[in-house]
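File shown here: work.txt, holding compact mmCIF, C-alpha atoms and all ligand atoms.
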# COMPACT_ATOMS: atom_id res chain seq x y z
CA MET A 1 -17.99 -42.43 -5.46
CA SER A 2 -20.62 -40.20 -3.79
CA ASP A 3 -20.56 -36.39 -4.12
CA THR A 4 -19.29 -35.96 -0.55
CA THR A 5 -16.11 -37.85 -1.35
CA LEU A 6 -15.34 -35.90 -4.51
CA PRO A 7 -12.64 -33.27 -3.99
CA LYS A 8 -13.97 -29.74 -3.63
CA ARG A 9 -12.31 -27.20 -5.89
CA HIS A 10 -11.34 -23.59 -5.28
CA ASP A 11 -8.86 -21.36 -7.02
CA VAL A 12 -7.32 -20.55 -3.64
CA VAL A 13 -7.35 -22.33 -0.27
CA VAL A 14 -6.20 -20.38 2.79
CA ILE A 15 -5.14 -22.63 5.68
CA GLY A 16 -5.67 -20.98 9.09
CA GLY A 17 -8.36 -18.50 10.12
CA GLY A 18 -6.41 -16.32 12.54
CA GLN A 19 -5.66 -12.67 11.86
CA ALA A 20 -3.22 -13.51 9.04
CA GLY A 21 -5.65 -15.80 7.20
CA LEU A 22 -8.52 -13.35 7.68
CA ALA A 23 -6.46 -10.42 6.37
CA VAL A 24 -5.56 -12.42 3.25
CA GLY A 25 -9.25 -13.32 2.96
CA TYR A 26 -10.14 -9.63 3.00
CA TYR A 27 -7.95 -8.91 -0.04
CA LEU A 28 -9.00 -12.07 -1.91
CA SER A 29 -12.61 -11.17 -1.33
CA LYS A 30 -12.01 -7.68 -2.77
CA GLN A 31 -10.53 -9.33 -5.86
CA GLY A 32 -13.64 -11.48 -6.22
CA ALA A 33 -11.43 -14.57 -5.98
CA ASP A 34 -12.88 -18.06 -5.59
CA PHE A 35 -11.45 -19.10 -2.22
CA THR A 36 -12.12 -20.69 1.14
CA ILE A 37 -10.46 -20.40 4.56
CA LEU A 38 -9.98 -23.66 6.49
CA GLU A 39 -9.75 -23.19 10.25
CA ALA A 40 -9.02 -26.08 12.61
CA ALA A 41 -10.82 -24.60 15.63
CA SER A 42 -14.50 -23.99 16.26
CA GLU A 43 -14.15 -20.23 15.85
CA PRO A 44 -11.85 -17.88 13.94
CA ALA A 45 -8.70 -16.63 15.68
CA ALA A 46 -8.99 -19.29 18.37
CA ALA A 47 -5.35 -18.84 19.42
CA TRP A 48 -6.32 -15.70 21.33
CA ARG A 49 -8.78 -17.63 23.54
CA GLU A 50 -5.98 -20.03 24.49
CA ARG A 51 -3.99 -17.25 26.13
CA TRP A 52 -4.29 -16.36 29.79
CA ASP A 53 -7.46 -14.63 31.07
CA SER A 54 -5.96 -11.29 32.10
CA LEU A 55 -3.81 -10.82 28.97
CA LYS A 56 -3.80 -7.27 27.68
CA LEU A 57 -2.25 -6.42 24.35
CA PHE A 58 1.07 -4.60 24.27
CA THR A 59 -0.17 -2.76 21.17
CA SER A 60 -2.84 -0.12 21.76
CA ALA A 61 -6.17 -0.40 19.90
CA ARG A 62 -4.92 2.18 17.38
CA PHE A 63 -2.53 -0.53 16.13
CA ASP A 64 -4.82 -3.56 16.31
CA SER A 65 -6.98 -3.15 13.20
CA LEU A 66 -7.09 -5.53 10.27
CA PRO A 67 -7.72 -4.05 6.81
CA GLY A 68 -11.25 -2.78 6.24
CA MET A 69 -12.43 -2.52 9.86
CA GLU A 70 -11.23 -0.29 12.68
CA PHE A 71 -10.65 -1.89 16.06
CA PRO A 72 -13.50 -0.40 18.13
CA GLY A 73 -13.29 1.89 21.16
CA ASP A 74 -10.68 4.25 22.59
CA PRO A 75 -7.61 3.95 20.32
CA ASP A 76 -5.27 4.59 23.25
CA ARG A 77 -6.39 1.69 25.41
CA TYR A 78 -4.81 -1.76 25.50
CA PRO A 79 -7.50 -4.31 24.54
CA THR A 80 -7.99 -7.56 26.41
CA ARG A 81 -7.57 -11.03 24.97
CA ASP A 82 -11.34 -11.48 24.70
CA GLU A 83 -11.83 -8.15 22.95
CA VAL A 84 -9.35 -9.21 20.27
CA ALA A 85 -11.03 -12.59 19.82
CA GLU A 86 -14.46 -10.90 19.56
CA TYR A 87 -13.16 -8.31 17.08
CA LEU A 88 -11.71 -11.02 14.83
CA VAL A 89 -14.86 -13.16 14.95
CA HIS A 90 -16.92 -10.05 14.15
CA TYR A 91 -14.49 -9.17 11.34
CA ALA A 92 -14.93 -12.57 9.67
CA ARG A 93 -18.71 -12.36 10.00
CA GLU A 94 -19.21 -8.73 8.93
CA LEU A 95 -16.94 -9.05 5.91
CA ASP A 96 -18.65 -12.33 5.08
CA LEU A 97 -15.40 -14.23 4.76
CA PRO A 98 -15.84 -17.91 3.85
CA VAL A 99 -14.33 -19.48 6.97
CA GLU A 100 -14.94 -23.23 7.33
CA LEU A 101 -14.60 -24.09 11.03
CA ASN A 102 -13.56 -27.43 12.58
CA SER A 103 -11.51 -28.01 9.44
CA ARG A 104 -7.98 -29.07 10.34
CA VAL A 105 -5.75 -29.67 7.36
CA ARG A 106 -3.87 -32.95 7.77
CA ALA A 107 -1.78 -32.88 4.60
CA LEU A 108 -0.81 -30.57 1.77
CA ARG A 109 0.61 -32.06 -1.43
CA ARG A 110 1.51 -30.85 -4.89
CA GLN A 111 -0.54 -32.42 -7.67
CA GLY A 112 -0.19 -31.48 -11.33
CA ASP A 113 0.08 -27.71 -11.47
CA GLY A 114 -1.90 -27.25 -8.25
CA TYR A 115 -2.33 -28.63 -4.73
CA VAL A 116 -4.31 -31.21 -2.82
CA VAL A 117 -5.40 -30.23 0.68
CA GLU A 118 -6.47 -33.18 2.82
CA LEU A 119 -8.74 -33.02 5.86
CA ASP A 120 -10.08 -35.94 7.90
CA ASP A 121 -13.40 -36.01 6.07
CA ARG A 122 -12.78 -34.24 2.77
CA THR A 123 -10.26 -33.10 0.21
CA TYR A 124 -9.78 -29.86 -1.68
CA GLU A 125 -8.00 -29.14 -4.91
CA ALA A 126 -6.67 -25.65 -5.45
CA ARG A 127 -4.44 -23.86 -7.91
CA GLN A 128 -2.95 -21.80 -5.08
CA VAL A 129 -2.61 -22.20 -1.31
CA VAL A 130 -1.84 -19.65 1.40
CA ILE A 131 -0.54 -21.09 4.70
CA ALA A 132 -1.51 -18.88 7.63
CA THR A 133 -1.24 -21.32 10.53
CA GLY A 134 0.48 -18.92 12.92
CA PRO A 135 3.92 -18.22 14.35
CA PHE A 136 3.24 -19.82 17.75
CA GLN A 137 2.07 -23.39 17.35
CA THR A 138 3.28 -26.26 19.53
CA PRO A 139 4.12 -25.41 23.16
CA PHE A 140 7.75 -26.15 23.98
CA VAL A 141 8.78 -27.42 27.44
CA PRO A 142 12.46 -28.20 28.22
CA ARG A 143 13.39 -31.80 28.89
CA ILE A 144 14.20 -31.10 32.57
CA ALA A 145 10.44 -30.89 33.17
CA GLU A 146 10.41 -34.71 33.12
CA ASP A 147 12.65 -34.79 36.22
CA LEU A 148 10.13 -32.94 38.40
CA GLY A 149 8.22 -35.08 40.91
CA ASP A 150 4.48 -35.75 40.60
CA ASP A 151 3.75 -33.52 43.59
CA VAL A 152 4.87 -30.46 41.60
CA VAL A 153 2.08 -28.95 39.48
CA GLN A 154 3.59 -27.90 36.16
CA MET A 155 2.11 -26.42 33.00
CA HIS A 156 3.12 -24.58 29.86
CA SER A 157 2.06 -20.94 29.72
CA THR A 158 -0.66 -21.88 27.20
CA ALA A 159 -2.37 -23.92 29.93
CA TYR A 160 -2.14 -21.09 32.48
CA ARG A 161 -5.39 -19.15 32.77
CA SER A 162 -5.30 -17.32 36.12
CA PRO A 163 -3.74 -17.67 39.60
CA ASP A 164 -6.50 -20.20 40.38
CA SER A 165 -4.82 -22.61 37.92
CA VAL A 166 -1.76 -22.83 40.18
CA PRO A 167 -1.51 -24.28 43.71
CA GLY A 168 -0.65 -22.02 46.64
CA GLY A 169 2.94 -21.97 47.85
CA ARG A 170 6.17 -21.16 46.07
CA VAL A 171 5.90 -21.01 42.29
CA LEU A 172 8.67 -20.81 39.72
CA VAL A 173 8.00 -19.22 36.35
CA VAL A 174 10.61 -20.26 33.78
CA GLY A 175 11.20 -17.85 30.91
CA GLY A 176 12.19 -14.20 30.93
CA GLY A 177 10.10 -12.98 28.00
CA ASN A 178 6.95 -10.90 28.22
CA THR A 179 4.83 -13.96 28.92
CA GLY A 180 7.03 -15.07 31.84
CA PHE A 181 7.18 -11.61 33.36
CA GLN A 182 3.46 -10.98 33.00
CA ILE A 183 2.44 -14.31 34.51
CA ALA A 184 4.97 -13.89 37.35
CA GLU A 185 3.60 -10.43 38.09
CA GLU A 186 0.04 -11.67 38.19
CA LEU A 187 0.93 -14.56 40.52
CA SER A 188 3.01 -12.36 42.81
CA ALA A 189 -0.15 -10.74 44.23
CA SER A 190 -1.08 -14.02 45.93
CA ARG A 191 2.08 -16.09 46.54
CA GLU A 192 5.87 -16.31 46.60
CA VAL A 193 7.06 -16.16 43.00
CA HIS A 194 10.46 -16.85 41.45
CA LEU A 195 11.41 -16.18 37.86
CA ALA A 196 14.19 -18.06 36.03
CA ILE A 197 15.56 -15.97 33.18
CA GLY A 198 17.54 -17.73 30.45
CA SER A 199 18.57 -14.66 28.51
CA ARG A 200 18.08 -11.03 29.45
CA GLN A 201 15.84 -8.97 27.21
CA THR A 202 15.88 -5.21 26.82
CA PRO A 203 13.06 -3.57 28.80
CA LEU A 204 11.10 -0.86 26.98
CA PRO A 205 8.39 1.31 28.52
CA GLN A 206 4.90 0.79 27.12
CA ARG A 207 4.32 4.55 27.00
CA ILE A 208 6.84 7.33 26.42
CA LEU A 209 5.84 10.98 26.97
CA GLY A 210 2.18 10.00 26.89
CA ARG A 211 2.41 8.06 23.64
CA ASP A 212 2.35 4.31 22.99
CA LEU A 213 5.74 2.73 22.22
CA PHE A 214 4.35 1.43 18.93
CA TRP A 215 3.48 4.96 17.87
CA TYR A 216 7.21 5.71 17.88
CA LEU A 217 8.12 2.42 16.22
CA ASP A 218 5.56 3.11 13.50
CA ALA A 219 6.40 6.81 13.09
CA THR A 220 10.13 6.09 12.77
CA GLY A 221 9.42 3.36 10.22
CA LEU A 222 11.17 0.71 12.36
CA LEU A 223 8.27 -1.72 12.17
CA ARG A 224 8.47 -1.69 8.37
CA LYS A 225 12.23 -2.17 8.10
CA THR A 226 12.65 -5.30 6.04
CA THR A 227 14.58 -8.43 6.96
CA ALA A 228 17.04 -7.57 4.18
CA SER A 229 17.84 -4.08 5.53
CA ARG A 230 20.82 -3.54 7.81
CA ILE A 231 18.69 -2.22 10.67
CA GLY A 232 16.13 -5.00 10.12
CA LYS A 233 18.87 -7.63 10.37
CA ARG A 234 20.19 -6.06 13.55
CA MET A 235 16.71 -5.91 15.11
CA ARG A 236 16.09 -9.53 14.18
CA GLU A 237 19.37 -10.77 15.63
CA ARG A 238 18.81 -9.04 18.94
CA GLU A 239 16.95 -10.78 21.72
CA ASP A 240 13.30 -9.91 22.29
CA THR A 241 12.31 -6.79 24.13
CA LEU A 242 10.21 -6.63 27.28
CA ILE A 243 7.34 -4.24 26.93
CA GLY A 244 6.06 -2.67 30.12
CA SER A 245 7.88 -5.21 32.34
CA SER A 246 11.42 -5.13 33.64
CA PRO A 247 13.59 -6.97 36.19
CA ARG A 248 13.46 -3.84 38.36
CA ARG A 249 9.68 -3.69 38.34
CA ALA A 250 9.51 -7.43 39.02
CA ARG A 251 11.80 -7.12 42.05
CA ARG A 252 9.66 -4.25 43.36
CA ARG A 253 6.72 -6.67 43.28
CA GLY A 254 8.69 -9.13 45.40
CA ILE A 255 9.52 -11.53 42.55
CA GLN A 256 12.90 -13.21 43.05
CA LEU A 257 15.00 -13.47 39.91
CA HIS A 258 17.33 -16.34 39.04
CA GLY A 259 19.44 -17.58 36.13
CA ARG A 260 18.37 -20.14 33.56
CA ALA A 261 16.68 -23.28 34.96
CA VAL A 262 19.14 -26.06 34.13
CA ALA A 263 18.11 -29.13 36.14
CA ALA A 264 15.26 -30.55 38.20
CA ALA A 265 14.97 -33.36 40.74
CA GLY A 266 11.84 -34.10 42.77
CA SER A 267 10.49 -30.70 43.79
CA THR A 268 13.79 -28.85 43.35
CA VAL A 269 14.78 -26.79 40.34
CA SER A 270 18.42 -25.71 39.96
CA CYS A 271 19.42 -22.57 38.12
CA ALA A 272 22.59 -21.67 36.21
CA ASP A 273 23.60 -19.13 38.89
CA GLY A 274 23.75 -21.90 41.51
CA ASP A 275 20.37 -21.19 43.12
CA ALA A 276 18.23 -24.22 43.97
CA LEU A 277 14.54 -23.83 44.78
CA ALA A 278 12.00 -26.23 46.25
CA VAL A 279 8.72 -25.38 44.52
CA ARG A 280 5.03 -26.36 44.51
CA GLY A 281 4.40 -25.25 40.95
CA VAL A 282 6.27 -24.49 37.74
CA ILE A 283 4.97 -22.48 34.77
CA TRP A 284 7.00 -23.04 31.62
CA ALA A 285 6.91 -19.76 29.67
CA THR A 286 9.45 -21.30 27.33
CA GLY A 287 8.02 -20.71 23.91
CA PHE A 288 6.83 -22.70 20.96
CA ARG A 289 7.90 -24.88 18.07
CA VAL A 290 6.56 -24.54 14.57
CA ASP A 291 4.85 -27.69 13.30
CA HIS A 292 4.87 -27.93 9.53
CA SER A 293 4.94 -31.73 9.55
CA TRP A 294 1.73 -31.86 7.49
CA ILE A 295 3.29 -29.90 4.59
CA ASP A 296 4.52 -32.41 2.03
CA VAL A 297 5.94 -29.87 -0.41
CA SER A 298 9.64 -29.01 -0.65
CA VAL A 299 9.44 -25.53 0.83
CA LEU A 300 10.93 -26.18 4.29
CA ASP A 301 14.50 -26.00 5.50
CA ALA A 302 16.21 -28.69 7.56
CA ASP A 303 14.66 -27.23 10.75
CA GLY A 304 11.16 -27.22 9.32
CA ARG A 305 11.06 -23.48 8.76
CA ALA A 306 9.31 -22.05 5.73
CA VAL A 307 11.70 -21.01 2.97
CA HIS A 308 10.22 -18.05 1.18
CA GLU A 309 10.80 -14.56 0.02
CA ARG A 310 8.22 -12.17 1.36
CA GLY A 311 5.86 -15.10 1.81
CA VAL A 312 6.30 -16.43 -1.73
CA THR A 313 7.75 -19.94 -1.81
CA ARG A 314 9.57 -21.62 -4.62
CA SER A 315 6.62 -23.95 -5.21
CA PRO A 316 4.39 -22.10 -7.73
CA GLY A 317 1.22 -20.77 -6.11
CA LEU A 318 2.21 -21.62 -2.51
CA TYR A 319 2.58 -18.80 0.04
CA PHE A 320 2.97 -18.13 3.78
CA VAL A 321 1.50 -15.23 5.74
CA GLY A 322 1.95 -14.36 9.43
CA GLN A 323 5.46 -15.77 9.94
CA LEU A 324 7.70 -14.00 12.45
CA TRP A 325 9.76 -11.53 10.49
CA GLN A 326 8.15 -12.73 7.25
CA HIS A 327 9.16 -9.42 5.74
CA THR A 328 9.31 -6.90 8.58
CA ARG A 329 9.06 -6.75 12.36
CA GLY A 330 5.35 -6.02 11.94
CA SER A 331 4.68 -9.21 9.94
CA ALA A 332 3.28 -11.16 12.92
CA LEU A 333 1.45 -8.24 14.55
CA LEU A 334 -2.24 -7.39 14.27
CA GLY A 335 -1.80 -3.86 12.95
CA TRP A 336 0.84 -4.63 10.32
CA VAL A 337 0.01 -8.12 8.99
CA LYS A 338 -2.08 -6.36 6.32
CA ASP A 339 1.09 -5.33 4.47
CA ASP A 340 2.13 -8.94 3.86
CA ALA A 341 -1.47 -10.06 3.32
CA ALA A 342 -1.92 -7.45 0.57
CA TYR A 343 1.38 -8.40 -1.01
CA VAL A 344 0.57 -12.11 -1.06
CA ALA A 345 -2.95 -11.45 -2.37
CA ASP A 346 -1.39 -9.44 -5.21
CA GLN A 347 0.89 -12.40 -6.02
CA VAL A 348 -2.14 -14.68 -6.02
CA ALA A 349 -3.96 -12.37 -8.45
CA ALA A 350 -0.93 -12.13 -10.75
CA PHE A 351 -0.31 -15.90 -10.78
CA ARG A 352 -0.46 -17.58 -14.15
CA PRO A 353 0.01 -21.36 -13.86
CA SER A 354 0.97 -21.82 -17.48
CA THR A 355 3.85 -19.36 -17.25
CA ALA A 356 4.79 -20.00 -13.62
CA GLY A 357 8.23 -21.47 -13.27
CA GLU A 358 9.96 -22.12 -9.98
CA PRO A 359 11.13 -18.64 -8.95
CA ALA A 360 14.75 -18.40 -7.92
CA LEU A 361 15.18 -17.44 -4.28
CA PRO A 362 18.77 -16.28 -4.07
CA GLY A 363 20.67 -17.62 -1.10
CA LEU A 364 17.92 -20.00 -0.06
CA ARG A 365 18.56 -23.72 -0.11
CA ILE A 366 15.48 -25.83 -0.69
CA ILE A 367 15.61 -29.39 0.51
CA SER A 368 13.08 -32.15 0.83
CA PRO A 369 10.97 -31.99 3.97
CA PRO A 370 12.65 -33.83 6.87
CA THR A 371 10.69 -36.39 8.86
CA SER A 372 10.57 -34.22 11.98
CA ARG A 373 10.04 -30.53 11.40
CA ALA A 374 9.98 -28.78 14.72
CA CYS A 375 11.87 -25.55 15.17
CA PRO A 376 11.92 -22.99 17.95
CA THR A 377 10.07 -19.71 17.84
CA ARG A 378 9.98 -17.06 20.51
CA THR A 379 7.88 -17.17 23.65
CA HIS A 380 6.24 -13.87 22.91
CA PRO A 381 6.20 -11.73 19.82
CA SER A 382 7.34 -8.46 21.29
CA GLY A 383 10.95 -8.36 20.32
C1 LIG B 1 0.99 -14.14 24.49
C2 LIG B 1 0.92 -13.39 23.19
C3 LIG B 1 0.58 -12.04 23.19
C4 LIG B 1 0.53 -11.32 21.99
N1 LIG B 1 0.20 -9.99 22.03
C5 LIG B 1 0.15 -9.27 20.87
C6 LIG B 1 -0.19 -7.87 20.90
O1 LIG B 1 -0.36 -7.27 21.95
N2 LIG B 1 -0.25 -7.21 19.70
C7 LIG B 1 -0.01 -7.83 18.49
O2 LIG B 1 -0.12 -7.18 17.45
N3 LIG B 1 0.34 -9.15 18.47
C8 LIG B 1 0.42 -9.87 19.60
N4 LIG B 1 0.76 -11.21 19.56
C9 LIG B 1 1.27 -11.75 18.28
C10 LIG B 1 0.26 -12.15 17.21
O3 LIG B 1 -0.64 -11.09 16.97
C11 LIG B 1 -0.48 -13.40 17.60
O4 LIG B 1 0.42 -14.46 17.83
C12 LIG B 1 -1.52 -13.84 16.55
O5 LIG B 1 -2.33 -14.82 17.12
C13 LIG B 1 -0.88 -14.38 15.25
O6 LIG B 1 -1.90 -14.49 14.29
P1 LIG B 1 -1.86 -15.58 13.11
O7 LIG B 1 -3.14 -15.48 12.38
O8 LIG B 1 -0.61 -15.46 12.34
O9 LIG B 1 -1.76 -16.96 13.90
P2 LIG B 1 -2.80 -17.63 14.90
O10 LIG B 1 -3.56 -16.62 15.66
O11 LIG B 1 -2.04 -18.66 15.65
O12 LIG B 1 -3.83 -18.31 13.90
C14 LIG B 1 -3.50 -19.46 13.16
C15 LIG B 1 -4.78 -20.25 12.98
O13 LIG B 1 -4.49 -21.38 12.17
C16 LIG B 1 -5.22 -22.48 12.65
N5 LIG B 1 -4.50 -23.68 12.23
C17 LIG B 1 -3.28 -24.12 12.63
N6 LIG B 1 -2.95 -25.26 12.01
C18 LIG B 1 -3.99 -25.54 11.18
C19 LIG B 1 -4.24 -26.59 10.24
N7 LIG B 1 -3.36 -27.57 10.02
N8 LIG B 1 -5.43 -26.56 9.56
C20 LIG B 1 -6.32 -25.56 9.74
N9 LIG B 1 -6.13 -24.56 10.61
C21 LIG B 1 -4.98 -24.53 11.31
C22 LIG B 1 -5.23 -22.29 14.16
O14 LIG B 1 -6.33 -22.97 14.75
C23 LIG B 1 -5.33 -20.77 14.29
O15 LIG B 1 -6.65 -20.31 14.43
C24 LIG B 1 0.80 -11.96 20.75
C25 LIG B 1 1.14 -13.33 20.76
C26 LIG B 1 1.21 -14.03 21.96
C27 LIG B 1 1.61 -15.49 21.93

Please re-express this file's structure in structure tokens.
Ligand SMILES: Cc1cc2nc3c(=O)[nH]c(=O)nc-3n(C[C@H](O)[C@H](O)[C@H](O)COP(=O)(O)OP(=O)(O)OC[C@H]3O[C@@H](n4cnc5c(N)ncnc54)[C@H](O)[C@@H]3O)c2cc1C
Amino acid sequence: MSDTTLPKRHDVVVIGGGQAGLAVGYYLSKQGADFTILEAASEPAAAWRERWDSLKLFTSARFDSLPGMEFPGDPDRYPTRDEVAEYLVHYARELDLPVELNSRVRALRRQGDGYVVELDDRTYEARQVVIATGPFQTPFVPRIAEDLGDDVVQMHSTAYRSPDSVPGGRVLVVGGGNTGFQIAEELSASREVHLAIGSRQTPLPQRILGRDLFWYLDATGLLRKTTASRIGKRMREREDTLIGSSPRRARRRGIQLHGRAVAAAGSTVSCADGDALAVRGVIWATGFRVDHSWIDVSVLDADGRAVHERGVTRSPGLYFVGQLWQHTRGSALLGWVKDDAAYVADQVAAFRPSTAGEPALPGLRIISPPTSRACPTRTHPSG
């Protein structure tokens, strides 16, 4: 066996080099831990580049910093998609984080008292593994999309870049979350736009009395209410919130609102309120599924969701970071992921394999991974 085929060893392997993986990397690096970060894409935080060109954050720059480096520029502005991507690439470089690019993990298995991490061309062995592969993974499109004719141009919101990506003529955007509203608003400057809304979300203004909405959410402690708290549970159960958009504002821009899209035939889409529209293009702003199919460790529920408590799974030395509502509302947001990252890094530092038993997670049922592990997540993380 040549050296290149021998497994590489690290105490800790972090899977995913987005903001969550980088934030964990920051704390591991401060500990002097022996670790690596495996990132599937050709640059860190690649998910941001896959979002539409004109995307502006709903969190102001004041709330977009990872630990150890301020987000640059005016703290009251709303950074663009590219600014975020550049900040995160710069973060990884300046803090000298060991990010291995073009390194997609294909399988994760338990072996002895550690883990085996398999890539196409190499294998790692690690005592501990942190999974930071993101809350928004596989684009979800409803089955009715298959009933649209070939003359209708259709795409998921992740494929939408700008109005140039969509043919002229009447366009239907499906999905009443922030993504759907924002894309519909952008398209409405150049064509007739309709928006099909499955479930109404509460509109919130981006700024209140001159201050960013997130300033209030932070100052009142709402973003750090835990999943276990009564208010946290209530926030989690509620539908997402719309930030800066609203049905009223959309109507003012000439966007025509409809109920949930329930059927399609040829170039016609029918909505739950009885409306039927002949369209040239459809944008599916209909969310994502989590894909944990490569995780061959019994830490997933029947829907493929991670079973954990504050990111700590029942499998010794295996953690998640960056999940929606991992611990608080802020868990999957740029400015607050550091709380979970610090907590998980502390667990990593405290881990002792010889004494580690399987921690009891009260109320959580662990089952073997199912063959298909797709589960819905939200279209947009604002709620
Ligand atoms: C449209 C949109 C707008 C948003 N706006 C804001 C905002 O304004 N403010 C805010 O705070 N948050 C916002 N978010 C939420 C959140 O900040 C982002 O979703 C963020 O990208 C999540 O970071 P992450 O590191 O957890 O996951 P990701 O950014 O998805 O990173 C995960 C990384 O893991 C890699 N990966 C996945 N699978 C593997 C594998 N098997 N092996 C190796 N690598 C793998 C991916 O390539 C990716 O780079 C927004 C999200 C969306 C979708």

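For the pair atom C23 of ligand LIG 1 (chain B) and atom CA of A:Ala47, the interatomic distance is 5.5 Å.
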
Between A:Gly274, A:Gly168, A:Gly73, A:Gly177, which residue has the minimum interatomic distance to ligand LIG 1 (chain B), considering all atoms listed in the file?
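Nearest to ligand LIG 1 (chain B): A:Gly177.
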
Taking all atoms listed in the file into account, which residues are within 7 Å of ligand LIG 1 (chain B), as a VMD selection string?
chain A and resid 15 to 21 38 to 41 44 to 48 51 56 to 59 64 103 to 106 132 to 137 179 321 to 323 332 to 335 379 to 381

Can you list, as a PyMOL selection string, every protein, DNA or RNA residue that comes within 8 Å of A:Gly114 when you count only C-alpha atoms, leaving out same-chain residues fewer than 5 positions away?
chain A and resi 125-128+317

Selected residues, C-alpha atoms, written as a PDB file, keeping the file's coordinate frame, please.
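Output below, filename part_20.pdb:
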ATOM      1  CA  GLU A 125      -8.000 -29.140  -4.910  1.00  0.00           C
ATOM      2  CA  ALA A 126      -6.670 -25.650  -5.450  1.00  0.00           C
ATOM      3  CA  ARG A 127      -4.440 -23.860  -7.910  1.00  0.00           C
ATOM      4  CA  GLN A 128      -2.950 -21.800  -5.080  1.00  0.00           C
ATOM      5  CA  GLY A 317       1.220 -20.770  -6.110  1.00  0.00           C
TER       6      GLY A 317
END

May I have the residues within 12 Å of A:Ser165 as a count of residues only, using only C-alpha atoms and disregarding those fewer than 3 positions away in the same chain?
20

Find the residues around A:Cys271 up to 12 Å (all atoms listed in the file counted), leave out those fewer than 3 positions away in its own chain, and share them as a ChimeraX atom specification.
/A:144,172,174-175,194-198,257-265,268,274-278

Counting only C-alpha atoms, what is within 12 Å of A:Leu222, bar same-chain residues fewer than 6 positions away, as a CSV table (one decimal) with C-alpha atoms, keeping the file's coordinate frame?
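Output saved as part20.csv:
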chain,number,residue,atom,x,y,z
A,213,LEU,CA,5.7,2.7,22.2
A,214,PHE,CA,4.4,1.4,18.9
A,215,TRP,CA,3.5,5.0,17.9
A,216,TYR,CA,7.2,5.7,17.9
A,229,SER,CA,17.8,-4.1,5.5
A,230,ARG,CA,20.8,-3.5,7.8
A,231,ILE,CA,18.7,-2.2,10.7
A,232,GLY,CA,16.1,-5.0,10.1
A,233,LYS,CA,18.9,-7.6,10.4
A,234,ARG,CA,20.2,-6.1,13.6
A,235,MET,CA,16.7,-5.9,15.1
A,236,ARG,CA,16.1,-9.5,14.2
A,328,THR,CA,9.3,-6.9,8.6
A,329,ARG,CA,9.1,-6.8,12.4
A,330,GLY,CA,5.4,-6.0,11.9
A,336,TRP,CA,0.8,-4.6,10.3

One number please: atom CA of A:Gly169 to atom CA of A:Val152, in Å, one decimal.
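Computed distance, atom CA of A:Gly169 to atom CA of A:Val152, equals 10.7 Å.
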
Length of the atom CA of A:Met69 to atom CA of A:Lys338 vector [Å]
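Computed distance, atom CA of A:Met69 to atom CA of A:Lys338, equals 11.6 Å.
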
List as a PyMOL selection string the protein and nucleic acid residues near A:Phe181, meaning an atom at most 8 Å away when only C-alpha atoms are counted, but skip any in the same chain fewer than 3 places from it.
chain A and resi 175-178+184-185+195+245-246+250

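Nearest to A:Val299 of all the residues A:Leu324, A:Ala61, A:Arg110, A:Arg9 is A:Arg110, based on only C-alpha atoms.
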
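Here the question is which of A:Gly68, A:Pro247, A:Pro7, A:Pro98 gets nearest to A:Thr36 using only C-alpha atoms, and that residue is A:Pro98.
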